[in-house]
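J.: query.csv is the file, holding CSV, C-alpha atoms:
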chain,number,residue,atom,x,y,z
O,3,MET,CA,5.0,23.3,-17.4
O,4,LEU,CA,8.8,23.0,-17.0
O,5,LYS,CA,10.2,19.5,-17.7
O,6,PRO,CA,11.4,17.7,-14.6
O,7,GLN,CA,15.0,17.0,-14.0
O,8,PHE,CA,15.5,13.7,-12.1
O,9,GLN,CA,19.2,13.2,-12.8
O,10,SER,CA,21.3,15.2,-10.3
O,11,ARG,CA,24.8,16.1,-11.4
O,12,HIS,CA,27.6,13.8,-10.3
O,13,ALA,CA,29.1,16.5,-8.0
O,14,LEU,CA,25.9,16.7,-6.0
O,15,ALA,CA,26.8,13.4,-4.4
O,16,LEU,CA,29.4,15.4,-2.4
O,17,LEU,CA,26.6,17.4,-0.8
O,18,VAL,CA,24.5,14.7,0.7
O,19,VAL,CA,26.1,14.5,4.2
O,20,THR,CA,26.3,18.2,5.0
O,21,ALA,CA,23.0,18.8,3.4
O,22,LEU,CA,20.9,16.2,5.3
O,23,ALA,CA,22.7,16.9,8.6
O,24,THR,CA,21.9,20.6,8.4
O,25,ALA,CA,18.5,20.0,6.7
O,26,MET,CA,16.6,18.0,9.3
O,27,THR,CA,18.2,19.7,12.3
O,28,SER,CA,17.4,23.2,10.9
O,29,CYS,CA,13.9,22.2,9.9
O,30,SER,CA,13.3,21.4,13.5
O,31,SER,CA,14.5,24.7,14.8
O,32,GLN,CA,11.9,27.2,16.1
O,33,GLU,CA,14.5,29.8,16.9
O,34,LYS,CA,13.8,33.2,15.3
O,35,THR,CA,16.6,35.3,14.0
O,36,SER,CA,16.7,38.8,12.6
O,37,GLU,CA,17.6,37.4,9.2
O,38,SER,CA,14.8,34.8,8.9
O,39,ALA,CA,12.0,35.1,11.4
O,40,SER,CA,8.6,36.5,10.6
O,41,GLN,CA,7.6,39.4,12.9
O,42,ASP,CA,3.9,38.6,12.7
O,43,VAL,CA,4.0,34.8,12.9
O,44,PRO,CA,4.1,33.1,16.3
O,45,ALA,CA,6.3,30.1,17.0
O,46,SER,CA,4.5,26.8,16.6
O,47,LYS,CA,2.1,26.3,19.5
O,48,THR,CA,2.4,22.5,19.2
O,49,ALA,CA,6.2,22.1,19.0
O,50,ASP,CA,7.5,20.1,21.9
O,51,SER,CA,10.7,21.8,23.1
O,52,THR,CA,11.7,18.8,25.2
O,53,ASN,CA,11.7,16.7,22.0
O,54,ALA,CA,14.2,19.0,20.2
O,55,PRO,CA,17.4,17.5,21.7
O,56,HIS,CA,16.3,14.0,20.8
O,57,TRP,CA,15.4,15.1,17.3
O,58,SER,CA,18.7,16.9,16.8
O,59,SER,CA,20.8,14.1,18.1
O,60,LYS,CA,19.1,11.7,15.8
O,61,MET,CA,20.0,14.0,12.9
O,62,GLN,CA,23.6,13.8,13.9
O,63,GLU,CA,23.5,10.0,13.8
O,64,LEU,CA,22.0,10.3,10.4
O,65,SER,CA,24.9,12.6,9.4
O,66,HIS,CA,27.5,10.1,10.7
O,67,ALA,CA,26.0,7.3,8.7
O,68,LEU,CA,26.0,9.4,5.6
O,69,ASN,CA,29.6,10.4,6.2
O,70,GLN,CA,30.6,6.7,5.8
O,71,LEU,CA,28.9,6.6,2.4
O,72,LEU,CA,30.0,10.0,1.1
O,73,PRO,CA,33.4,9.1,-0.4
O,74,LEU,CA,32.0,6.0,-2.0
O,75,VAL,CA,28.9,7.6,-3.4
O,76,ALA,CA,31.0,10.4,-4.9
O,77,ASP,CA,33.2,8.0,-6.8
O,78,GLY,CA,31.4,5.7,-9.2
O,79,LYS,CA,34.4,3.4,-9.6
O,80,ALA,CA,34.8,3.0,-5.8
O,81,PHE,CA,31.0,2.5,-5.4
O,82,ASN,CA,31.2,-0.5,-7.8
O,83,ASP,CA,34.4,-2.0,-6.4
O,84,PRO,CA,33.6,-5.4,-5.0
O,85,LYS,CA,35.7,-4.8,-1.9
O,86,ASN,CA,33.4,-1.9,-0.9
O,87,GLU,CA,30.2,-3.9,-1.4
O,88,GLN,CA,29.7,-4.9,2.2
O,89,PRO,CA,30.7,-1.6,3.8
O,90,ILE,CA,28.2,0.2,1.4
O,91,GLN,CA,25.4,-2.3,2.3
O,92,ASP,CA,26.1,-1.9,6.0
O,93,ALA,CA,26.2,1.9,5.9
O,94,THR,CA,23.0,2.1,3.8
O,95,SER,CA,21.2,-0.3,6.0
O,96,ARG,CA,22.2,1.8,9.0
O,97,LEU,CA,21.0,4.9,7.2
O,98,LYS,CA,17.7,3.2,6.5
O,99,ALA,CA,17.2,2.2,10.1
O,100,LEU,CA,17.9,5.8,11.2
O,101,SER,CA,15.5,7.3,8.7
O,102,HIS,CA,12.8,5.0,10.0
O,103,GLN,CA,13.4,6.2,13.5
O,104,VAL,CA,13.2,9.8,12.3
O,105,LYS,CA,9.9,9.0,10.6
O,106,THR,CA,8.5,7.8,13.9
O,107,LEU,CA,9.8,10.6,16.1
O,108,LYS,CA,7.4,13.3,17.2
O,109,LYS,CA,8.0,16.2,14.9
O,110,PRO,CA,8.8,19.7,16.1
O,111,SER,CA,6.0,21.2,14.1
O,112,ALA,CA,2.4,20.5,13.2
O,113,ASP,CA,3.1,21.0,9.5
O,114,PRO,CA,2.3,17.6,7.9
O,115,ALA,CA,5.2,18.2,5.4
O,116,PHE,CA,7.6,16.8,8.2
O,117,ASP,CA,5.8,13.5,8.2
O,118,SER,CA,5.4,13.3,4.4
O,119,ILE,CA,9.0,14.2,3.6
O,120,ALA,CA,10.4,11.9,6.3
O,121,SER,CA,8.2,9.0,5.0
O,122,MET,CA,9.4,9.6,1.4
O,123,LEU,CA,13.1,9.6,2.6
O,124,ASP,CA,12.5,6.3,4.4
O,125,GLU,CA,10.8,4.8,1.3
O,126,ASP,CA,13.7,5.9,-1.0
O,127,LEU,CA,16.3,4.5,1.3
O,128,ALA,CA,14.4,1.2,1.5
O,129,ARG,CA,14.6,1.1,-2.3
O,130,ALA,CA,18.4,1.8,-2.1
O,131,VAL,CA,18.8,-1.1,0.3
O,132,VAL,CA,16.9,-3.5,-1.9
O,133,SER,CA,18.8,-2.3,-5.0
O,134,LEU,CA,22.1,-3.0,-3.3
O,135,GLN,CA,21.0,-6.5,-2.2
O,136,THR,CA,19.9,-7.3,-5.8
O,137,GLY,CA,23.0,-5.9,-7.4
O,138,ASN,CA,21.5,-2.8,-8.9
O,139,LYS,CA,24.2,-0.5,-7.7
O,140,ASP,CA,23.7,2.3,-10.2
O,141,TYR,CA,20.1,2.8,-9.0
O,142,ALA,CA,21.2,2.6,-5.4
O,143,ARG,CA,23.8,5.3,-5.9
O,144,LEU,CA,21.4,7.5,-7.7
O,145,THR,CA,18.9,7.2,-4.9
O,146,LEU,CA,21.5,8.1,-2.3
O,147,ARG,CA,22.6,11.1,-4.4
O,148,GLU,CA,19.0,12.3,-4.7
O,149,SER,CA,18.7,12.7,-1.0
O,150,ILE,CA,19.6,16.3,-1.3
O,151,GLY,CA,16.1,17.0,-2.7
O,152,TYR,CA,14.6,16.4,0.7
O,153,CYS,CA,16.8,19.1,2.3
O,154,ILE,CA,15.8,21.7,-0.2
O,155,GLN,CA,12.1,20.9,0.0
O,156,CYS,CA,12.2,21.1,3.8
O,157,HIS,CA,14.1,24.4,3.8
O,158,THR,CA,12.1,26.3,1.3
O,159,GLN,CA,8.7,25.2,2.6
O,160,THR,CA,8.2,28.4,4.6
O,161,LYS,CA,10.3,31.2,6.1
O,162,SER,CA,10.5,29.5,9.5
O,163,GLY,CA,14.0,28.5,10.8
O,164,PRO,CA,17.3,30.3,10.6
O,165,SER,CA,19.3,31.5,7.6
O,166,PHE,CA,23.0,31.2,8.0
O,167,PRO,CA,25.2,33.9,6.4
O,168,LYS,CA,28.0,31.5,6.0
O,169,LEU,CA,29.0,28.0,7.2
O,170,GLU,CA,32.4,26.4,7.2
O,171,LEU,CA,31.6,22.8,6.4
O,172,GLY,CA,34.8,21.7,4.9
O,173,PHE,CA,33.6,21.7,1.3
O,174,ASP,CA,34.4,24.1,-1.5
O,175,PRO,CA,31.2,24.5,-3.7
O,176,SER,CA,33.0,26.7,-6.3
O,177,LYS,CA,33.8,23.5,-8.3
O,178,LEU,CA,30.1,22.9,-8.9
O,179,SER,CA,27.9,24.3,-11.5
O,180,ALA,CA,25.7,27.3,-10.7
O,181,LEU,CA,22.8,24.9,-10.0
O,182,GLY,CA,25.0,22.7,-7.8
O,183,GLN,CA,26.2,25.7,-5.9
O,184,GLY,CA,22.7,26.9,-5.4
O,185,ASP,CA,21.5,23.5,-4.2
O,186,TYR,CA,24.4,23.2,-1.8
O,187,TYR,CA,23.7,26.6,-0.2
O,188,ALA,CA,20.0,26.0,-0.1
O,189,ALA,CA,20.5,22.6,1.6
O,190,THR,CA,22.7,24.2,4.2
O,191,ARG,CA,20.4,27.2,4.8
O,192,GLN,CA,22.7,29.8,3.3
O,193,PHE,CA,19.8,31.4,1.4
O,194,ASP,CA,21.5,34.6,0.3
O,195,ALA,CA,24.3,32.7,-1.3
O,196,ALA,CA,21.9,30.2,-2.8
O,197,LEU,CA,19.8,32.9,-4.4
O,198,ASP,CA,23.0,34.5,-5.7
O,199,ALA,CA,24.2,31.3,-7.2
O,200,TYR,CA,20.9,30.5,-8.9
O,201,ARG,CA,20.7,34.1,-10.2
O,202,LYS,CA,24.2,33.8,-11.8
O,203,GLY,CA,23.2,30.5,-13.4
O,204,VAL,CA,20.0,32.0,-14.8
O,205,GLN,CA,21.9,34.9,-16.2
O,206,ASP,CA,24.4,32.6,-17.9
O,207,GLN,CA,23.6,32.2,-21.6
O,208,SER,CA,26.0,29.3,-22.2
O,209,TYR,CA,24.5,27.4,-19.2
O,210,ALA,CA,21.0,27.8,-20.8
O,211,ASP,CA,22.4,26.5,-24.1
O,212,ARG,CA,24.2,23.5,-22.8
O,213,ASP,CA,21.8,22.3,-20.0
O,214,ILE,CA,18.3,23.7,-20.4
O,215,PHE,CA,16.8,21.3,-17.8
O,216,GLY,CA,19.4,22.3,-15.2
O,217,TRP,CA,18.9,26.0,-16.1
O,218,GLU,CA,15.1,25.7,-15.7
O,219,ARG,CA,15.5,24.0,-12.3
O,220,ALA,CA,17.7,26.8,-11.2
O,221,VAL,CA,14.9,29.2,-12.2
O,222,ARG,CA,12.4,27.2,-10.1
O,223,SER,CA,14.6,26.8,-7.1
O,224,GLY,CA,15.5,30.5,-7.1
O,225,LEU,CA,11.9,31.5,-7.2
O,226,ALA,CA,11.1,29.1,-4.3
O,227,ILE,CA,13.7,30.9,-2.1
O,228,ALA,CA,12.6,34.4,-3.0
O,229,ILE,CA,8.9,33.7,-2.7
O,230,ARG,CA,8.4,30.9,-0.1
O,231,TYR,CA,11.3,31.4,2.2
O,232,LYS,CA,12.1,35.1,1.9
O,233,GLU,CA,8.6,36.2,1.0
O,234,ASN,CA,10.2,39.1,-0.8
O,235,PRO,CA,8.6,40.5,-3.9
O,236,ALA,CA,11.6,42.8,-4.6
O,237,GLU,CA,14.0,39.9,-4.7
O,238,ALA,CA,11.6,37.8,-6.8
O,239,LYS,CA,11.4,40.7,-9.2
O,240,THR,CA,15.1,41.0,-9.6
O,241,PHE,CA,15.4,37.2,-10.1
O,242,ILE,CA,12.7,37.2,-12.8
O,243,GLN,CA,14.3,40.1,-14.6
O,244,SER,CA,17.5,37.9,-14.9
O,245,ILE,CA,15.4,35.4,-16.8
O,246,LEU,CA,14.1,38.0,-19.2
O,247,LYS,CA,17.7,39.3,-19.9
O,248,ASN,CA,19.0,35.9,-20.9
O,249,LYS,CA,18.9,35.7,-24.7
O,250,SER,CA,19.2,31.9,-24.6
O,251,ALA,CA,16.1,31.5,-22.4
O,252,PRO,CA,13.3,29.6,-24.2
O,253,GLN,CA,10.6,32.0,-25.5
O,254,SER,CA,7.9,30.1,-23.7
O,255,LEU,CA,9.6,30.6,-20.4
O,256,LYS,CA,10.2,34.3,-21.2
O,257,ASP,CA,6.5,34.7,-21.9
O,258,SER,CA,5.7,33.1,-18.5
O,259,ALA,CA,8.3,35.3,-16.8
O,260,LYS,CA,6.5,38.4,-18.1
O,261,ASP,CA,3.4,37.1,-16.3
O,262,TRP,CA,5.4,36.3,-13.2
O,263,LEU,CA,6.8,39.8,-13.2
O,264,ALA,CA,3.3,41.3,-13.4
O,265,SER,CA,2.2,39.0,-10.5
O,266,VAL,CA,5.1,40.0,-8.4
O,267,GLU,CA,4.5,43.7,-9.0
O,268,GLN,CA,0.9,43.2,-7.9
O,269,TRP,CA,2.1,41.3,-4.8
O,270,ALA,CA,4.3,44.2,-3.9
O,271,LYS,CA,1.3,46.6,-3.7
O,272,GLU,CA,-0.7,44.3,-1.3
O,273,PRO,CA,-1.0,45.3,2.3
O,274,LYS,CA,0.9,43.2,4.9
O,275,LEU,CA,-1.0,40.6,6.9
O,276,LYS,CA,-2.3,41.4,10.3
O,277,SER,CA,-1.6,39.0,13.2
O,278,ALA,CA,-5.0,37.3,13.1
O,279,ALA,CA,-4.6,33.5,13.4
O,280,ASP,CA,-6.4,32.7,10.2
O,281,SER,CA,-5.0,35.5,8.1
O,282,ARG,CA,-2.6,33.2,6.2
O,283,LEU,CA,-5.2,30.6,5.6
O,284,THR,CA,-7.7,33.3,4.4
O,285,ARG,CA,-5.1,34.8,2.0
O,286,ALA,CA,-4.0,31.4,0.7
O,287,GLU,CA,-7.7,30.5,-0.1
O,288,GLY,CA,-8.1,33.8,-2.0
O,289,LEU,CA,-4.9,33.3,-3.9
O,290,ILE,CA,-5.8,29.7,-5.0
O,291,LYS,CA,-9.4,30.5,-5.9
O,292,GLY,CA,-8.2,33.4,-8.0
O,293,ALA,CA,-5.6,31.3,-9.8
O,294,GLU,CA,-8.2,28.5,-10.5
O,295,LYS,CA,-10.6,31.0,-11.8
O,296,ARG,CA,-8.1,32.4,-14.2
O,297,SER,CA,-6.8,29.0,-15.3
O,298,GLY,CA,-10.1,27.2,-15.7
O,299,ASP,CA,-9.5,23.4,-15.9
O,300,SER,CA,-5.8,23.7,-16.7
O,301,ILE,CA,-2.8,24.6,-14.6
O,302,ARG,CA,-1.1,27.7,-16.2
O,303,ARG,CA,2.5,28.5,-15.6
O,304,SER,CA,1.6,32.1,-15.3
O,305,GLU,CA,0.1,31.3,-11.9
O,306,ASP,CA,3.3,29.8,-10.5
O,307,ILE,CA,3.9,32.8,-8.3
O,308,THR,CA,0.4,32.7,-6.9
O,309,TYR,CA,0.7,29.0,-6.0
O,310,LEU,CA,4.1,29.4,-4.4
O,311,ARG,CA,2.8,32.3,-2.3
O,312,ALA,CA,-0.2,30.2,-1.2
O,313,SER,CA,2.0,27.3,-0.4
O,314,ALA,CA,4.1,29.4,1.9
O,315,ASP,CA,1.0,30.7,3.7
O,316,LEU,CA,-0.5,27.3,4.1
O,317,HIS,CA,2.5,25.6,5.5
O,318,GLN,CA,3.1,28.4,7.9
O,319,TRP,CA,-0.5,28.2,9.0
O,320,LEU,CA,-0.4,24.4,9.3
O,321,SER,CA,2.8,24.5,11.4
O,322,GLU,CA,0.9,26.5,14.1
O,323,GLY,CA,-1.4,23.5,14.7
O,324,SER,CA,-5.0,24.6,14.4
O,325,LYS,CA,-7.3,22.4,16.6
O,326,ASP,CA,-10.3,22.9,14.3
O,327,PRO,CA,-10.5,19.8,12.0
O,328,ALA,CA,-12.6,21.6,9.4
O,329,GLN,CA,-10.1,24.4,9.1
O,330,ARG,CA,-7.2,22.1,9.0
O,331,SER,CA,-8.8,19.9,6.4
O,332,LYS,CA,-9.4,22.9,4.2
O,333,ALA,CA,-5.8,24.0,4.6
O,334,LEU,CA,-4.7,20.5,3.5
O,335,LEU,CA,-6.9,20.6,0.5
O,336,TYR,CA,-5.4,23.9,-0.6
O,337,ALA,CA,-1.9,22.7,0.2
O,338,GLY,CA,-2.5,19.7,-2.1
O,339,ILE,CA,-3.8,22.0,-4.8
O,340,ALA,CA,-0.7,24.2,-4.5
O,341,ALA,CA,1.7,21.3,-4.4
O,342,GLU,CA,0.1,19.7,-7.4
O,343,ALA,CA,0.3,22.9,-9.4
O,344,THR,CA,4.0,23.3,-8.5
O,345,ARG,CA,4.9,19.6,-8.4
O,346,GLU,CA,8.0,20.1,-10.6
O,347,LEU,CA,9.5,22.1,-7.8
O,348,ASN,CA,8.1,19.8,-5.0
O,349,PHE,CA,8.1,16.0,-5.0
O,350,TRP,CA,5.8,14.6,-7.7
O,351,THR,CA,3.4,12.8,-5.3
O,352,LEU,CA,3.5,15.2,-2.3
O,353,HIS,CA,0.1,16.6,-3.2
O,354,GLU,CA,-1.5,13.1,-2.9
O,355,ARG,CA,-0.3,12.9,0.6
O,356,TYR,CA,-2.0,16.2,1.5
O,357,TYR,CA,-5.3,15.0,0.0
O,358,GLU,CA,-5.1,11.9,2.0
O,359,LEU,CA,-4.4,13.8,5.2
O,360,CYS,CA,-7.3,16.1,4.3
O,361,ILE,CA,-9.7,13.2,4.2
O,362,GLN,CA,-8.4,11.9,7.5
O,363,ALA,CA,-8.7,15.3,9.2
O,364,SER,CA,-12.5,15.7,8.7
O,365,PRO,CA,-14.1,12.5,7.3
O,366,LYS,CA,-17.6,12.6,5.8
O,367,THR,CA,-17.4,16.3,4.9
O,368,PRO,CA,-17.6,18.1,1.5
O,369,THR,CA,-14.0,19.1,1.9
O,370,ALA,CA,-12.9,15.5,2.5
O,371,GLN,CA,-15.0,14.5,-0.6
O,372,SER,CA,-13.3,17.2,-2.7
O,373,CYS,CA,-9.9,15.8,-1.5
O,374,TYR,CA,-10.9,12.3,-2.5
O,375,GLY,CA,-11.9,13.4,-5.9
O,376,LYS,CA,-8.6,15.1,-6.5
O,377,LEU,CA,-6.6,12.2,-5.0
O,378,SER,CA,-8.5,9.7,-7.2
O,379,ASP,CA,-7.9,11.7,-10.3
O,380,SER,CA,-4.2,12.0,-9.6
O,381,VAL,CA,-3.7,8.3,-8.8
O,382,LEU,CA,-5.7,7.1,-11.8
O,383,LEU,CA,-3.8,9.4,-14.1
O,384,GLY,CA,-0.5,8.2,-12.7
O,385,TYR,CA,-1.3,4.6,-13.6
O,386,THR,CA,-2.8,5.3,-17.0
O,387,GLY,CA,-0.6,4.8,-20.1
O,388,SER,CA,-1.0,4.2,-23.8
O,389,SER,CA,-2.3,0.7,-23.1
O,390,GLY,CA,-4.9,1.9,-20.6
O,391,LEU,CA,-5.3,1.9,-16.8
O,392,HIS,CA,-3.0,-0.5,-14.8
O,393,LEU,CA,-4.0,0.2,-11.2
O,394,PRO,CA,-2.1,-2.0,-8.6
O,395,GLU,CA,-4.3,-3.9,-6.2
O,396,GLU,CA,-2.8,-2.1,-3.2
O,397,GLU,CA,-3.7,1.3,-4.7
O,398,LYS,CA,-7.3,0.2,-5.4
O,399,VAL,CA,-7.6,-0.9,-1.8
O,400,ARG,CA,-6.2,2.4,-0.5
O,401,LEU,CA,-8.6,4.4,-2.7
O,402,ASP,CA,-11.6,2.3,-1.6
O,403,ARG,CA,-10.7,2.8,2.0
O,404,LEU,CA,-10.3,6.6,1.6
O,405,LYS,CA,-13.5,6.8,-0.4
O,406,ALA,CA,-15.4,5.1,2.4
O,407,LEU,CA,-13.8,7.5,4.9
O,408,ALA,CA,-14.6,10.6,2.9
O,409,PHE,CA,-18.2,9.6,2.1
O,410,GLY,CA,-19.1,7.6,5.2
O,411,LEU,CA,-19.8,4.5,3.2
Once you've parsed the file, please lay out its structure as structure tokens.
T.:
Amino acid sequence: MLKPQFQSRHALALLVVTALATAMTSCSSQEKTSESASQDVPASKTADSTNAPHWSSKMQELSHALNQLLPLVADGKAFNDPKNEQPIQDATSRLKALSHQVKTLKKPSADPAFDSIASMLDEDLARAVVSLQTGNKDYARLTLRESIGYCIQCHTQTKSGPSFPKLELGFDPSKLSALGQGDYYAATRQFDAALDAYRKGVQDQSYADRDIFGWERAVRSGLAIAIRYKENPAEAKTFIQSILKNKSAPQSLKDSAKDWLASVEQWAKEPKLKSAADSRLTRAEGLIKGAEKRSGDSIRRSEDITYLRASADLHQWLSEGSKDPAQRSKALLYAGIAAEATRELNFWTLHERYYELCIQASPKTPTAQSCYGKLSDSVLLGYTGSSGLHLPEEEKVRLDRLKALAFGL
């Protein structure tokens, strides 16, 4: 698996305000455009159109709060200047309050990713507030910079929502690295430009030599756009070929890219889906079962394309709000499996949230019990180190509660 890159570049701090403002507003959009809308996928049946203005206005408030922080977050010296301490604390507290309101708003889609991502943003900002109060400014600044990750995750979840050819947002991304430019464009839904930037970075031998972690993250982000948002095997193929042409690419990644290429070529031969309501769920189930059969007990990088495709299908299906608890629970199980297999591209604990939602969707069923098993394995592994298992009491209580719900104890 590719190694995670948790440290964003310093320049990414400049992106937070435009990214989050566009991110959450655009994620709530159900408008279909010729550039981005699927012709065979209906708009969410559960989206509340009367809620959209309230959601959008709250995103604008979030943007304004971020705007107060932007100049200070971008400049480490200014961020640590004692005279700015109170303004930073006030703006961060305001941002935290707004993020909590966003978390509690009715979401414009039935896709549980909205709730999960909003909750994680709220939790991260809570940590930023505490870090400022206790004098840990470096961690607070890092947390605020990392907010861009929520934008990209939201935007590349499925192909829903608009793609903007170009936006004038008062920021020149040309000063950023290829990865920074790609992240900026992806966060502001300029997907053609984002894919272009990531591709240029992937082709750059010197970039791969000096920053292999950033280079690999550009690979993953580019694949996410081509596969999950664009759902375009031709663009995915072109992108993967860029990896193979880079002489500085790690051999292990080149080997995986060859498998990715074969997977994409097979994808291109598949017939398009019909408009049946369960077609995406059925296809995702087949993709994941096939990947698991080929991988056995391990997660193989060669199956990345398969899991990304399944993830796109599942989130599109979930966004349409099936009323059948058993089907929804099954979709959440598979969404968890796909998120866990691609967790270096997603947030590292997102899969656990899907497993928990799966249990809640259909308690006392075999599907819920499968989800509990996967959740328990993931949580226990996360708290196991060289000195053994150190499971916090609150986690034990949570697992016990979910086990009782899954098995009817």
J.: Do a neighbour search on Ser313 of chain O at 8 Å with only C-alpha atoms, toss out local chain neighbours closer than 3 positions, and write the hits as a list in words.
T.: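 In the requested form, the answer reads Gln159, Arg230, Ala286, Tyr309, Leu310, Leu316, His317, Ala337, Ala340 and Ala341 of chain O.
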J.: Which residue is closest to Arg311 of chain O? Choose from O:Ala210, O:Ala228, O:Ala220, O:Leu263 and count all atoms listed in the file.
T.: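 Nearest to Arg311 of chain O: O:Ala228.
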J.: Hey, can you check how far atom CA of Lys247 of chain O sits from atom CA of Val221 of chain O?
T.: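 It comes out at 13.0 Å.
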J.: Go ahead and compute the interatomic distance for atom CA of Glu342 of chain O and atom CA of Asp126 of chain O, in Å to one decimal.
T.: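 Between atom CA of Glu342 of chain O and atom CA of Asp126 of chain O the gap is 20.4 Å.
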J.: One decimal, in Å: what's the spacing between atom CA of Ala363 of chain O and atom CA of Gly384 of chain O?
T.: 24.4 Å
